[in-house]
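The structure under discussion appears below in the form of structure tokens.
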Amino acid sequence: MKRWGEGLQWVCLALLLSGCAGDRYHKEGMDLLAAGKSEEGLRKLEQAVREEPGNVAFKSDYLNRRAEQTTRLLSAADADYTANKLESAEALYLQVQRLEPANQRALEGLTSIERSRRYAPLLDQAKENLRKGELERALSQVKMVLKESPGNASAMDLRRKIEEQILKSRIAEPQFFSAQRKPINLEFRDASLKIVLDALARSTGVNFVLDKDVRPDLRTTIYLRQATLEDAIELLLQTNRLEKKVLNKNSILIYANTPDKLKEYQELMVKGFYLTNADARQIQSVLKNLLKAKDISIDEKLNLVVIRDTPEAVRLAEKLIAMHDLYEPEVMLEVEVLEVQRSRLTELGVQWPNQMTLTPLSRGSVATLSDLRGLNSDRIGITIPSATVNLRREIGDAKILANPRIRARNREKAKIMIGDKVPVVNITTTSNGVSSESTQYLDVGVKLEVESNVYLQDEVAIKLALEVSSLVREVRTPAGSLAYQIGSRSASTVLRLKDGETQILGGLINDEDRTTASRVPGVGDIPMLGRLFSSQKDDRSKTEIVLSITPHLIRNIERPDGLDSEFWSGTENMMRTKPLLVGASLASDSVDINEPARDVSGQIAAGAKTPSALSLNLLGPAQAKVGEEFKVAVRLKSDGGVRSLPFQLGYDPSLLQVVSISEGPYFSQRDAQTSMSSNVDQAGGKISVSVVRSGTDGAVGEDNAVVLTMRALSARQPAEIKWLMSAPVVMGGKQITPSAPQPLSITVVN
């Protein structure tokens with residue numbers, strides 16, 4: 001028996017130590033996980049489960065934390081694999097396998113990495129073939145990879161690039177590019193069109209094919225000097241109501257600009273636009289109204305717009321859709337509703353009896369009339385309530401806080417309801433005496449409706465309606481139905497706030513003050529002494545509702561650049577992506593058709609080449625007075641042709657104000673036509689400007705591109721004008737990013 005007792009003690013001790021070990025492993029594991037040591041922590045949690053297999057909490061923590069860790073590792077591994085970081089992805093997949101050896105996603109990921117490494121040489125060959133222009137061969141190599149490894153990210157990306165190049169080569173229009181790059185002179189008076197074209201063909205080597213319906217007696221008058229061949233042909237056709245179709249780089253078909261001939265010769269193309277944000281039906285209306293598009297089809301389910309029209313119309317449709325298909329603004333509204341209730345109750349004094357009861361004393365349980373004959377003071381019972389001394393003071397403070405956050409799209413209503421639905425039972429009785437009950441529910445609590453309108457200056461207009469209701473008391477109707485008296489306070493307004501600005505609305509106050517007194521007649525009305533013969537109850541309650549609302553912009557409208565929102569669209573009868581202009585010639589020699597051409601200046605020749613150096617500078621005064629206007633020049637220097645200059649400047653709007661923006665003489669040199677667009681964000685302190693030069697050459701030399709007129713507002717500190725970005729477009733299509741000039745610092749004095 002003694003041995004059995006000792007054995008039981010050892011078993012209990014072993015179980016106790018086992019439980020202590022499980023708790024220790026579990027605590028160590030949770031601490032390691034909190035410190036970021038995931039693998040070590042999970043091993044400790046696994047040991048805790050082994051020590052106590054029946055502990056549900058230990059097992060739940062281990063499984064949940066392991067699932068969280070594997071999910072995080074798999075997401076990171078998939079991202080690295082998609083980014084072609086194979087070494088990092090492999091290490092993460094192996095780490096998942098150490099946690100879960102049978103994890104299927106990890107096994108598939110390692111298999112995909114092995115395939116990617118095996119097919120890497122074949123993809124390199126496909127990239128080389130793409131660079132050489134052997135598109136079909138490159139595509140077949142990529143398809144071989146995707147046949148065995150459909151999820152190969154590198155192969156899919158390469159296939160997309162190859163297919164884009166194939167698509168461009170299939171739908172690309174023939175471009176007219178004559179070998180003749182010298183300027184020409186034309187001088188014909190009332191001459192036959194065929195004679196003019198014959199002279200051009202003999203002098204430049206361009207092939208002209210005339211439709212049979214081009215009138216042989218069509219006569220024209222044209223005087224051109226130092227013009228390019230392309231501009232001369234375009235002007236000649238436009239002035240004679242003719243159109244052209246480019247057959248190859250030096251062959252042109254000419255036909256009459258009539259509806260029948262346009263249908264016969266004008267090539268149409270089909271393009272589909274998968275819209276991300278814009279509505280397909282709205283885009284259809286825009287294209288029909290502005291472009292008079294021939295054929296438009298929409299698929300509202302896919303949000304797809306398909307257009308069939310001329311290449312010029314499709315190019316314009318691309319620009320119009322890019323202006324409309326922008327992300328819709330979204331705003332996060334942080335609302336805080338605070339209801340503060342204060343109550344004060346004071347009850348002081350002596351509440352004396354206000355009545356007494358006299359009761360005849362009878363011999364039996366029921367008094368008779370004969371009992372009243374001998375009625376005297378000994379046979380009359382009296383009941384007098386006791387006097388009560390009231391010494392009570394109650395103070396109550398309550399706060400009800402609702403702090404919802406709601407995310408809403410631009411110009412969409414959002415509703416918040418925090419409270420209860422109170423049932424109201426209605427009893428309906430028919431003429432036959434049959435009763436039926438119906439239940440309706442009333443919303444009681446905090447009800448908030450908001451509608452936001454996001455502006456470009458990171459401001460949000462909020463249409464707000466707030467209603468706070470509470471249940472006052474129950475009311476029972478004579479018919480037995482239950483109703484409620486509901487107290488309600490509401491407010492509605494329209495606010496315009498900046499991103500992150502908080503507006504507080506208060507003043508919804510309900511103040512009640514009630515006084516009730518119980519006094520002995522006569523004596524209770526005596527000053528001072530009357531307090532001993534009276535009891536007074538003072539009850540005061542005050543409720544105030546305070547609302548604060550803060551908008552946080554999740555996404556605002558991204559205003560398109562000036563080049564994307566302003567473009568040429570041709571004439572009423574003919575769509576064009578550029579105006580009909582006679583640009584400057586591109587060479588210094590000329591072709592004589594009727595008389596020798598003048599020499600072209602060296603500056604024009606320099607304007608036709610790609611610049612090797614381009615620099616920008618900000619020029620302005622070193623000092624300005626408060627309220628004084630001054631000018632700041634954006635100076636551009638280049639040894640080659642510059643076509644346009646979009647740029648952005650930043651400044652402190654509390655110190656400076658933009659008065660006006662004007663174009664400098666740089667881009668308009670040699671009487672070239674220019675266009676300038678600008679936008680000033682005074683609240684954000686940003687200036688966006690874009691200057692574009694028309695023609696086939698660019699501006700060259702050094703001069704002011706843009707001149708800003710600004711006003712000094714405050715002398716708190718030196719005002720700086722900083723260069724934020726620029727993206728000049730130069731001849732030759734080369735991308736040049738000039739270094740940003742030093743900020744212009746201006747000392748503002750009183």
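Chain labels follow the order of the structure tokens: the first chain is A, the next B, and so on; residue numbering restarts at 1 in every chain, and ligands are counted from 1 in their shown order.
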
I'd like the contact shell of segment 482-496 of chain A - 8 Å cut-off, only C-alpha atoms, skipping same-chain residues fewer than 5 positions apart - returned as a PyMOL selection string. chain A and resi 424-426+444+459-477+508

For Glu501 of chain A, please output as a JSON list (two decimals) with all heavy atoms, in the first residue's frame all residues within 9 Å (counting only C-alpha atoms; exclusion window: fewer than 5 positions along the same chain).
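Output file out_31.json is given in full below:
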[["chain", "number", "residue", "atom", "x", "y", "z"],
["A", 549, "ILE", "N", -15.88, 66.14, -37.86],
["A", 549, "ILE", "CA", -15.71, 65.38, -39.09],
["A", 549, "ILE", "C", -14.41, 65.79, -39.74],
["A", 549, "ILE", "O", -14.07, 66.98, -39.80],
["A", 549, "ILE", "CB", -16.92, 65.58, -40.03],
["A", 549, "ILE", "CG1", -16.78, 64.69, -41.27],
["A", 549, "ILE", "CG2", -17.11, 67.04, -40.41],
["A", 549, "ILE", "CD1", -18.05, 64.61, -42.08],
["A", 550, "THR", "N", -13.64, 64.79, -40.19],
["A", 550, "THR", "CA", -12.33, 65.01, -40.81],
["A", 550, "THR", "C", -12.26, 64.19, -42.09],
["A", 550, "THR", "O", -12.35, 62.96, -42.04],
["A", 550, "THR", "CB", -11.19, 64.60, -39.87],
["A", 550, "THR", "OG1", -11.33, 65.27, -38.62],
["A", 550, "THR", "CG2", -9.84, 64.95, -40.49],
["A", 551, "PRO", "N", -12.13, 64.83, -43.24],
["A", 551, "PRO", "CA", -11.96, 64.06, -44.49],
["A", 551, "PRO", "C", -10.49, 63.75, -44.75],
["A", 551, "PRO", "O", -9.61, 64.58, -44.53],
["A", 551, "PRO", "CB", -12.52, 65.02, -45.55],
["A", 551, "PRO", "CG", -12.24, 66.38, -45.00],
["A", 551, "PRO", "CD", -12.30, 66.27, -43.49],
["A", 552, "HIS", "N", -10.24, 62.53, -45.19],
["A", 552, "HIS", "CA", -8.89, 62.11, -45.61],
["A", 552, "HIS", "C", -8.99, 61.59, -47.04],
["A", 552, "HIS", "O", -9.70, 60.60, -47.30],
["A", 552, "HIS", "CB", -8.34, 61.01, -44.69],
["A", 552, "HIS", "CG", -8.17, 61.44, -43.26],
["A", 552, "HIS", "ND1", -7.14, 62.25, -42.85],
["A", 552, "HIS", "CD2", -8.93, 61.19, -42.16],
["A", 552, "HIS", "CE1", -7.25, 62.46, -41.54],
["A", 552, "HIS", "NE2", -8.33, 61.84, -41.10]]

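Taking atom CA of Ile736 of chain A and atom CA of Leu645 of chain A as the two end points, the separation is 11.2 Å.
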
Neighbouring residues of segment 744-747 of chain A were defined as those with any atom within 12 Å, considering only C-alpha atoms; residues of the same chain fewer than 6 positions away were excluded. Please report them as an MDAnalysis selection string. chainID A and resid 617:626 630:634 649:652 655:656 710:723

d(atom CA of Leu320 of chain A, atom CA of Met269 of chain A) in Å: 17.2 Å

Which polymer residues have any atom within 8 Å of an atom of Val270 of chain A, counting only C-alpha atoms, with same-chain residues fewer than 4 positions away left out, as a list in words?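 Listed by chain and then number, they are Val306, Ile307, Arg308 and Asp309 of chain A.
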
If you keep N, CA, C and O atoms, can you produce a file of those selected residues as a PDB file, in the first residue's frame?
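Everything below was put into out_3.pdb:
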ATOM      1  N   VAL A 306     -15.871  49.692 -78.388  1.00  0.00           N
ATOM      2  CA  VAL A 306     -15.236  49.303 -79.647  1.00  0.00           C
ATOM      3  C   VAL A 306     -15.613  50.333 -80.700  1.00  0.00           C
ATOM      4  O   VAL A 306     -16.805  50.625 -80.893  1.00  0.00           O
ATOM      5  N   ILE A 307     -14.616  50.886 -81.383  1.00  0.00           N
ATOM      6  CA  ILE A 307     -14.834  51.913 -82.394  1.00  0.00           C
ATOM      7  C   ILE A 307     -14.231  51.451 -83.710  1.00  0.00           C
ATOM      8  O   ILE A 307     -13.160  50.840 -83.741  1.00  0.00           O
ATOM      9  N   ARG A 308     -14.939  51.731 -84.799  1.00  0.00           N
ATOM     10  CA  ARG A 308     -14.452  51.470 -86.156  1.00  0.00           C
ATOM     11  C   ARG A 308     -14.498  52.774 -86.921  1.00  0.00           C
ATOM     12  O   ARG A 308     -15.570  53.315 -87.196  1.00  0.00           O
ATOM     13  N   ASP A 309     -13.330  53.299 -87.245  1.00  0.00           N
ATOM     14  CA  ASP A 309     -13.252  54.603 -87.893  1.00  0.00           C
ATOM     15  C   ASP A 309     -11.881  54.747 -88.528  1.00  0.00           C
ATOM     16  O   ASP A 309     -11.073  53.804 -88.530  1.00  0.00           O
TER      17      ASP A 309
END

Report, in Å to a single decimal, how far apart atom CA of Leu614 of chain A and atom CA of Asp639 of chain A are. 7.2 Å

Considering only C-alpha atoms, return as a list in words whatever protein or nucleic-acid residues lie within 7 Å of Leu505 of chain A, sequence-local ones (same chain, fewer than 6 positions apart) excluded.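 Counting only the stated atoms, we get Val546, Leu547 and Ser548 of chain A.
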
Run DSSP on the backbone and grab whatever in segment 286-490 of chain A lands in strand (DSSP E or B); send it over as an MDAnalysis selection string. chainID A and resid 295:299 304:309 330:351 357:360 380:383 388:402 405:409 413:429 435:454 459:476 482:490

For Met156 of chain A, list every protein, DNA or RNA residue within 10 Å, evaluated using only C-alpha atoms, and leave out those in the same chain fewer than 4 positions away; present the list as a list in words.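 Once the adjacent positions are removed, what remains is Val142, Lys143, Val145, Leu146, Ser149, Pro150, Gly151, Asn152, Arg160, Lys161 and Ile162 of chain A.
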
What would the file look like if the residues just selected were written as a tab-separated table (two decimals), in the first residue's frame with C-alpha atoms?
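The resulting file, selection_32.tsv, is reproduced below:
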chain	number	residue	atom	x	y	z
A	142	VAL	CA	8.18	31.94	-75.98
A	143	LYS	CA	5.20	29.71	-76.71
A	145	VAL	CA	8.23	27.86	-72.73
A	146	LEU	CA	4.62	28.69	-71.86
A	149	SER	CA	5.32	26.45	-67.78
A	150	PRO	CA	2.08	28.44	-68.21
A	151	GLY	CA	2.73	30.59	-65.14
A	152	ASN	CA	6.22	31.74	-66.12
A	160	ARG	CA	3.15	40.56	-74.39
A	161	LYS	CA	5.99	42.70	-75.75
A	162	ILE	CA	6.35	40.55	-78.88
